[in-house]
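What follows is a short report on a single structure.
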Amino acid sequence: MHFLRNLIILFLICIAIKINLCVPTIPSSLKTLPIDGHFDFKQVHHAAKDFGNRYSFLPSAVLHPKSASDIATTVKHIWEMGPGSHLTVAARGHGHSLQGQAQAHRGVVINMESLQGPKMKVHTGNFPYVDVSGSELWINILHETLKHGLAPKSWTDYLHLTVGGTLSNAGISGQAFRHGPQISNVRQLEVVTGKGEVVNCSEKQNSDLFYSVLGGLGQFGIITRARISLEPAPKMVKWIRVLYTDFATFAKDQEMLISGESTFDYIEGFVIINRTGLLNNWRSSFNPNDSAQASHFKSDGRTLFCLELAKYFNPEEMAIVNQEIMTSLSQLNHIPSTLFQSQVPYIEFLDRVHISEIKLRSKGLWEVPHPWLNLLIPRSNIHIFAQQVFGNILTNTSNGPILIYPVNKSKWDNRTSVVLPEEDVFYLVAFLSSAAPSSTGSDGLEHILSQNKRILELCEIDGLGVKQYLPHYSTNGEWRSHFGPQWEAFVHRKSTYDPLAILAPGQRIFQKAAPLSL
Ligand code: FAD
């Protein structure tokens, strides 16, 4: 009897310990940490929201750091608490994640926007660069570098994203075919590791940490500073769109353009399914000055593929640039009557999505659920993919743009953590859907999610060798298969730089644990 009672007590103690271990509690010691910034334990709700508007995990505290040392002190403190605390840490850039990647359930979210590092500094010369905070928005970098007639080489389509946020993924846009993604254009980083150490890294110094962090989904360290390569900035941009009805011709022209050196400076494309009316209204920031013939072109419900091109220039080069454009366009096989042209200042071109954001915000359509799906598809399978998806699965594109364009893998560094398809050329296909709140129709969240599921199933069943960009998975098996042969190296890097798995809990790749080993 006595024995049984002791056994029950022991059992209850075990349960209590287990519960205590699994539910992180915020230790009062955080409140007494010697930092210049501050913790907020009450106003934490904004840190449980992101652009995707579908996942919400409430943190226990939000750190508003003033310096990299505030971040290091906090992470080190949590590291020293050991695996028993279950406390995790997520860096939140500008909150533009889609599935809670920058959130930390009952953990600590670091509001990177509070970081006040040294001022942004532009270095001119033969190999210009800019030193920035990891929390800096790309739009601010553009404004600052333009004062020196310079600009970064590689962009995202939208610039109100942070350096740390895009470098944790890749940072892809229409310049990537030539310059590679943003992670190919960084020279140096300052990083706070999962042990709370502040480390400078580059190709020459602590190079394994440098390449781990680039495309590393925030798993190995928090980027507090970055050195970004610059190039002379043009003043103007010729912005061009041409249309195709045949996917094979469209893709052939795109691939021909990205293989040439002196064609265009930006090459993207998008799909238009089941739309009627005039083309000019389809993407609001593009305002072409067209021939009467082009502006009267109607889609009549056909599936169309729009090649989008840009050529940078300075006003004095206008004549020669026009000539070059004519030559390049003469090699394309688009529908002849569909040449839409516009000429805009460089800054307006790069910040084009912000114009759409302002319009959508004014209609209350920005803060809706965004069930986006971003895929990287090997060139050899893009035709099967296009045929199945644009021919069968999608019946219209009115829920948001579908971008599609190829990039050259040779411009990506295979030492980074990013996961890519195996071929030399692969396509980014981005389904950028917005769901109408509380709709049960084809513009509703459920419908769009089931379409995404069908697309992913198609990739799986047909073995298309597709990789997700901005990946999101729920199980360890899915993550392993995403990383494929890179999984072991990824785990090894984790065990080196964040052995307790304190960082980036929102990615749900690792759980806070006793030190990891292979
Ligand atoms: P967050 O969403 O806050 O963070 C993203 C991830 O990085 C999280 O895991 C977070 O913990 C981690 N993180 C944040 N800061 C740091 C840091 N300093 N150090 C280490 N880890 C950190 N992507 C493209 O590549 N190309 C595009 O053209 C493009 N267009 C977009 C357009 C829109 C409208 C939106 C909303 C997103 C777009 N993105 C694009 C995706 C974008 O790259 C991701 O959303 C990314 O998450 C950046 O957002 P953020 O800076 O707010 O970072």
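FYI, nothing fancy with the structure tokens labels: chains A, B, ... in order, residues from 1 per chain, ligands from 1 as they appear.
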10 Å contact set for Arg227 in chain A, only C-alpha atoms, chain neighbours under 6 positions out, as a VMD selection string: chain A and resid 120 to 122 129 to 134 185 to 190 202
Can you pull out the residues contacting Ala251 in chain A? Cut-off 10 Å, using only C-alpha atoms, and skip same-chain residues under 5 positions away; I want them as a PDB file with C-alpha atoms, in the first residue's frame.
```
ATOM      1  CA  TYR A 244       2.050  35.011 -75.581  1.00  0.00           C
ATOM      2  CA  ASP A 246       1.624  29.536 -76.158  1.00  0.00           C
ATOM      3  CA  MET A 256      16.926  32.670 -74.455  1.00  0.00           C
ATOM      4  CA  LEU A 257      16.913  36.084 -72.735  1.00  0.00           C
ATOM      5  CA  GLY A 269       6.748  36.979 -66.340  1.00  0.00           C
ATOM      6  CA  PHE A 305       1.648  34.543 -70.599  1.00  0.00           C
ATOM      7  CA  LEU A 307       6.828  38.481 -70.388  1.00  0.00           C
ATOM      8  CA  ARG A 379      13.456  23.628 -66.385  1.00  0.00           C
ATOM      9  CA  ILE A 382       8.212  23.314 -66.300  1.00  0.00           C
ATOM     10  CA  HIS A 383       6.168  22.343 -69.366  1.00  0.00           C
ATOM     11  CA  ILE A 404       6.790  32.707 -63.501  1.00  0.00           C
ATOM     12  CA  TYR A 405      10.367  33.229 -64.603  1.00  0.00           C
ATOM     13  CA  PRO A 406      13.615  31.263 -64.979  1.00  0.00           C
ATOM     14  CA  TYR A 427      11.807  28.594 -62.610  1.00  0.00           C
TER      15      TYR A 427
END
```
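For the choices A:Asn476, A:Ser362, A:Thr395, A:Ser56, the atom-to-atom distance to Ser442 in chain A is smallest for A:Thr395 when using only C-alpha atoms.
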Give as an NGL selection string the residues surrounding ligand 1 up to a distance of 6 Å, considering only C-alpha atoms and all ligand atoms. :A and (51 or 90-97 or 101-102 or 134-135 or 156-158 or 161-162 or 164-166 or 168 or 170-173 or 217-218 or 221-224 or 504)
Output file for the residues above (N, CA and C atoms, as a CSV table (one decimal), in the first residue's frame):
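So the final result, stored in out_35.csv, reads:
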```csv
chain,number,residue,atom,x,y,z
A,51,PHE,N,2.1,38.8,-42.3
A,51,PHE,CA,1.4,39.1,-43.6
A,51,PHE,C,0.5,38.0,-44.0
A,90,ALA,N,12.5,34.2,-31.5
A,90,ALA,CA,12.4,34.4,-33.0
A,90,ALA,C,12.7,35.9,-33.3
A,91,ALA,N,13.5,36.1,-34.3
A,91,ALA,CA,13.7,37.5,-34.8
A,91,ALA,C,12.5,37.8,-35.7
A,92,ARG,N,12.0,39.0,-35.5
A,92,ARG,CA,10.9,39.5,-36.3
A,92,ARG,C,11.4,40.7,-37.1
A,93,GLY,N,11.5,40.5,-38.5
A,93,GLY,CA,11.9,41.6,-39.3
A,93,GLY,C,10.8,42.7,-39.4
A,94,HIS,N,10.1,42.5,-40.5
A,94,HIS,CA,8.9,43.4,-40.7
A,94,HIS,C,7.6,42.6,-40.7
A,95,GLY,N,7.7,41.4,-40.2
A,95,GLY,CA,6.5,40.6,-40.1
A,95,GLY,C,5.8,40.2,-41.4
A,96,HIS,N,6.7,40.0,-42.5
A,96,HIS,CA,6.1,39.7,-43.7
A,96,HIS,C,6.1,38.2,-44.1
A,97,SER,N,6.3,37.4,-43.0
A,97,SER,CA,6.3,35.9,-43.2
A,97,SER,C,4.8,35.5,-43.5
A,101,GLN,N,6.5,32.1,-39.4
A,101,GLN,CA,8.0,31.8,-39.3
A,101,GLN,C,8.7,32.8,-38.4
A,102,ALA,N,8.2,34.0,-38.2
A,102,ALA,CA,8.9,34.9,-37.3
A,102,ALA,C,8.2,35.0,-35.9
A,134,GLY,N,20.8,44.7,-39.8
A,134,GLY,CA,20.0,43.5,-40.2
A,134,GLY,C,18.5,43.8,-40.2
A,135,SER,N,18.1,44.9,-39.5
A,135,SER,CA,16.7,45.2,-39.4
A,135,SER,C,16.3,46.3,-40.5
A,156,THR,N,14.2,42.2,-54.2
A,156,THR,CA,12.9,41.5,-54.2
A,156,THR,C,11.9,42.4,-54.9
A,157,ASP,N,10.8,41.9,-55.3
A,157,ASP,CA,9.8,42.7,-56.0
A,157,ASP,C,9.2,43.8,-55.1
A,158,TYR,N,9.3,43.6,-53.8
A,158,TYR,CA,8.7,44.5,-52.8
A,158,TYR,C,9.8,44.9,-51.8
A,161,LEU,N,10.7,45.1,-46.9
A,161,LEU,CA,11.1,43.9,-46.2
A,161,LEU,C,12.5,44.1,-45.6
A,162,THR,N,12.9,43.4,-44.6
A,162,THR,CA,14.2,43.6,-44.0
A,162,THR,C,15.3,42.8,-44.6
A,164,GLY,N,17.6,41.2,-42.9
A,164,GLY,CA,17.7,39.9,-42.2
A,164,GLY,C,16.6,38.9,-42.6
A,165,GLY,N,15.4,39.4,-42.9
A,165,GLY,CA,14.3,38.6,-43.4
A,165,GLY,C,14.6,38.0,-44.7
A,166,THR,N,15.0,38.8,-45.7
A,166,THR,CA,15.2,38.3,-47.0
A,166,THR,C,16.5,37.4,-47.1
A,168,SER,N,17.6,35.5,-44.9
A,168,SER,CA,17.3,34.2,-44.3
A,168,SER,C,16.7,33.3,-45.3
A,170,ALA,N,16.4,34.1,-49.4
A,170,ALA,CA,17.2,34.2,-50.6
A,170,ALA,C,17.2,35.6,-51.2
A,171,GLY,N,15.9,36.1,-51.4
A,171,GLY,CA,15.7,37.4,-52.0
A,171,GLY,C,15.8,37.3,-53.5
A,172,ILE,N,14.7,37.0,-54.1
A,172,ILE,CA,14.7,36.7,-55.6
A,172,ILE,C,13.8,37.7,-56.3
A,173,SER,N,14.3,38.2,-57.4
A,173,SER,CA,13.5,39.0,-58.3
A,173,SER,C,14.1,38.9,-59.7
A,217,LEU,N,17.1,30.3,-43.1
A,217,LEU,CA,15.7,30.3,-42.4
A,217,LEU,C,15.8,30.7,-41.0
A,218,GLY,N,16.8,31.5,-40.7
A,218,GLY,CA,17.0,32.1,-39.3
A,218,GLY,C,17.4,31.1,-38.3
A,221,GLY,N,21.5,31.9,-36.6
A,221,GLY,CA,21.9,33.1,-35.9
A,221,GLY,C,21.0,34.3,-36.4
A,222,ILE,N,21.1,35.3,-35.6
A,222,ILE,CA,20.3,36.5,-35.9
A,222,ILE,C,21.3,37.5,-36.6
A,223,ILE,N,20.9,38.0,-37.8
A,223,ILE,CA,21.8,38.9,-38.5
A,223,ILE,C,21.6,40.3,-37.9
A,224,THR,N,22.6,40.9,-37.4
A,224,THR,CA,22.5,42.2,-36.9
A,224,THR,C,23.1,43.3,-37.8
A,504,ALA,N,14.6,30.7,-34.2
A,504,ALA,CA,13.6,30.4,-35.3
A,504,ALA,C,12.7,29.3,-35.0
```
Asp36 in chain A: which residues within 12 Å, counting only C-alpha atoms, same-chain residues fewer than 6 positions away excluded, as a PyMOL selection string? chain A and resi 63-74+114-116
Output file for the residues above (N, CA, C and O atoms, as a PDB file, in the first residue's frame):
```
ATOM      1  N   LEU A  63      11.228  41.511 -27.052  1.00  0.00           N
ATOM      2  CA  LEU A  63      12.420  42.314 -26.765  1.00  0.00           C
ATOM      3  C   LEU A  63      12.513  43.436 -27.791  1.00  0.00           C
ATOM      4  O   LEU A  63      12.445  43.186 -28.998  1.00  0.00           O
ATOM      5  N   HIS A  64      12.651  44.658 -27.290  1.00  0.00           N
ATOM      6  CA  HIS A  64      12.918  45.800 -28.177  1.00  0.00           C
ATOM      7  C   HIS A  64      14.389  46.167 -27.978  1.00  0.00           C
ATOM      8  O   HIS A  64      14.725  46.950 -27.086  1.00  0.00           O
ATOM      9  N   PRO A  65      15.266  45.557 -28.796  1.00  0.00           N
ATOM     10  CA  PRO A  65      16.698  45.766 -28.558  1.00  0.00           C
ATOM     11  C   PRO A  65      17.149  47.131 -29.067  1.00  0.00           C
ATOM     12  O   PRO A  65      16.611  47.636 -30.054  1.00  0.00           O
ATOM     13  N   LYS A  66      18.151  47.697 -28.377  1.00  0.00           N
ATOM     14  CA  LYS A  66      18.749  48.918 -28.932  1.00  0.00           C
ATOM     15  C   LYS A  66      20.059  48.589 -29.632  1.00  0.00           C
ATOM     16  O   LYS A  66      20.557  49.371 -30.417  1.00  0.00           O
ATOM     17  N   SER A  67      20.622  47.424 -29.300  1.00  0.00           N
ATOM     18  CA  SER A  67      21.923  47.075 -29.888  1.00  0.00           C
ATOM     19  C   SER A  67      22.019  45.569 -30.101  1.00  0.00           C
ATOM     20  O   SER A  67      21.229  44.798 -29.535  1.00  0.00           O
ATOM     21  N   ALA A  68      23.035  45.176 -30.884  1.00  0.00           N
ATOM     22  CA  ALA A  68      23.302  43.744 -31.076  1.00  0.00           C
ATOM     23  C   ALA A  68      23.625  43.113 -29.732  1.00  0.00           C
ATOM     24  O   ALA A  68      23.302  41.955 -29.462  1.00  0.00           O
ATOM     25  N   SER A  69      24.236  43.906 -28.862  1.00  0.00           N
ATOM     26  CA  SER A  69      24.614  43.356 -27.558  1.00  0.00           C
ATOM     27  C   SER A  69      23.374  43.030 -26.712  1.00  0.00           C
ATOM     28  O   SER A  69      23.381  42.066 -25.943  1.00  0.00           O
ATOM     29  N   ASP A  70      22.286  43.784 -26.883  1.00  0.00           N
ATOM     30  CA  ASP A  70      21.017  43.437 -26.186  1.00  0.00           C
ATOM     31  C   ASP A  70      20.531  42.054 -26.641  1.00  0.00           C
ATOM     32  O   ASP A  70      20.055  41.239 -25.842  1.00  0.00           O
ATOM     33  N   ILE A  71      20.656  41.823 -27.947  1.00  0.00           N
ATOM     34  CA  ILE A  71      20.200  40.533 -28.504  1.00  0.00           C
ATOM     35  C   ILE A  71      21.105  39.420 -27.971  1.00  0.00           C
ATOM     36  O   ILE A  71      20.629  38.373 -27.517  1.00  0.00           O
ATOM     37  N   ALA A  72      22.410  39.685 -27.995  1.00  0.00           N
ATOM     38  CA  ALA A  72      23.365  38.666 -27.538  1.00  0.00           C
ATOM     39  C   ALA A  72      23.145  38.356 -26.052  1.00  0.00           C
ATOM     40  O   ALA A  72      23.139  37.182 -25.658  1.00  0.00           O
ATOM     41  N   THR A  73      22.937  39.371 -25.237  1.00  0.00           N
ATOM     42  CA  THR A  73      22.729  39.163 -23.793  1.00  0.00           C
ATOM     43  C   THR A  73      21.505  38.282 -23.561  1.00  0.00           C
ATOM     44  O   THR A  73      21.522  37.360 -22.744  1.00  0.00           O
ATOM     45  N   THR A  74      20.440  38.565 -24.309  1.00  0.00           N
ATOM     46  CA  THR A  74      19.189  37.809 -24.128  1.00  0.00           C
ATOM     47  C   THR A  74      19.361  36.351 -24.558  1.00  0.00           C
ATOM     48  O   THR A  74      19.001  35.432 -23.826  1.00  0.00           O
ATOM     49  N   SER A 114      13.417  47.748 -33.656  1.00  0.00           N
ATOM     50  CA  SER A 114      13.868  48.658 -32.585  1.00  0.00           C
ATOM     51  C   SER A 114      15.387  48.812 -32.570  1.00  0.00           C
ATOM     52  O   SER A 114      15.917  49.697 -31.906  1.00  0.00           O
ATOM     53  N   LEU A 115      16.067  47.905 -33.296  1.00  0.00           N
ATOM     54  CA  LEU A 115      17.533  47.895 -33.266  1.00  0.00           C
ATOM     55  C   LEU A 115      18.104  49.219 -33.782  1.00  0.00           C
ATOM     56  O   LEU A 115      17.720  49.697 -34.839  1.00  0.00           O
ATOM     57  N   GLN A 116      19.013  49.794 -32.979  1.00  0.00           N
ATOM     58  CA  GLN A 116      19.622  51.061 -33.417  1.00  0.00           C
ATOM     59  C   GLN A 116      21.126  50.858 -33.552  1.00  0.00           C
ATOM     60  O   GLN A 116      21.879  51.196 -32.651  1.00  0.00           O
TER      61      GLN A 116
END
```
I want to know what sits within 10 Å of Pro345 in chain A, based on only C-alpha atoms, with residues of the same chain fewer than 2 positions away left out; could you give that as a ChimeraX atom specification? /A:234-238,312-314,343,347-350
Apply DSSP to the structure's backbone, then extract all residues of range 35-144 of chain A labelled strand (DSSP E) and return them as a VMD selection string. chain A and resid 38 to 40 61 to 64 89 to 92 108 to 111 121 to 123 129 to 133
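Using only C-alpha atoms, the shortest contact distance between Ala226 in chain A and any of A:Gly125, A:Pro499, A:Gly117, A:Gly84 is found at A:Gly117.
Distance annotation: of A:Thr145, A:Gln323, A:Gln254, A:Gln182, the residue with the minimal separation from Val163 in chain A is A:Gln182; atom set is only C-alpha atoms.
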Taking 5 positions as the minimum chain separation for residues in the same chain, which residues sit within 8 Å of Gly215 in chain A when counting only C-alpha atoms? Answer as a compact mmCIF listing (two decimals) with N, CA and C atoms, in the first residue's frame.
```txt
# COMPACT_ATOMS: atom_id res chain seq x y z
N LEU A 167 17.54 37.82 -46.40
CA LEU A 167 18.78 37.02 -46.47
C LEU A 167 18.60 35.67 -45.80
N SER A 168 17.62 35.54 -44.92
CA SER A 168 17.34 34.24 -44.31
C SER A 168 16.66 33.31 -45.31
N ASN A 169 16.09 33.89 -46.37
CA ASN A 169 15.43 33.07 -47.38
C ASN A 169 16.28 33.00 -48.66
N ALA A 170 16.36 34.07 -49.41
CA ALA A 170 17.23 34.15 -50.59
C ALA A 170 17.17 35.58 -51.16
N ILE A 183 21.23 36.82 -51.53
CA ILE A 183 22.27 36.13 -50.76
C ILE A 183 23.57 35.93 -51.54
N THR A 416 25.70 28.05 -49.53
CA THR A 416 24.66 28.59 -48.64
C THR A 416 23.71 27.47 -48.22
N SER A 417 22.77 27.82 -47.33
CA SER A 417 21.84 26.80 -46.82
C SER A 417 20.61 26.62 -47.71
N VAL A 418 20.46 27.47 -48.72
CA VAL A 418 19.22 27.44 -49.50
C VAL A 418 19.11 26.12 -50.28
```
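You can rank A:Phe247, A:Phe297, A:Phe220, A:Phe127 by their closest distance to Pro232 in chain A using only C-alpha atoms, and at the top of that list sits A:Phe127.
Among the candidate residues A:Phe41, A:Tyr346, A:Phe340, A:Phe385, the one lying nearest to Gly149 in chain A is A:Tyr346, with distances computed using only C-alpha atoms.
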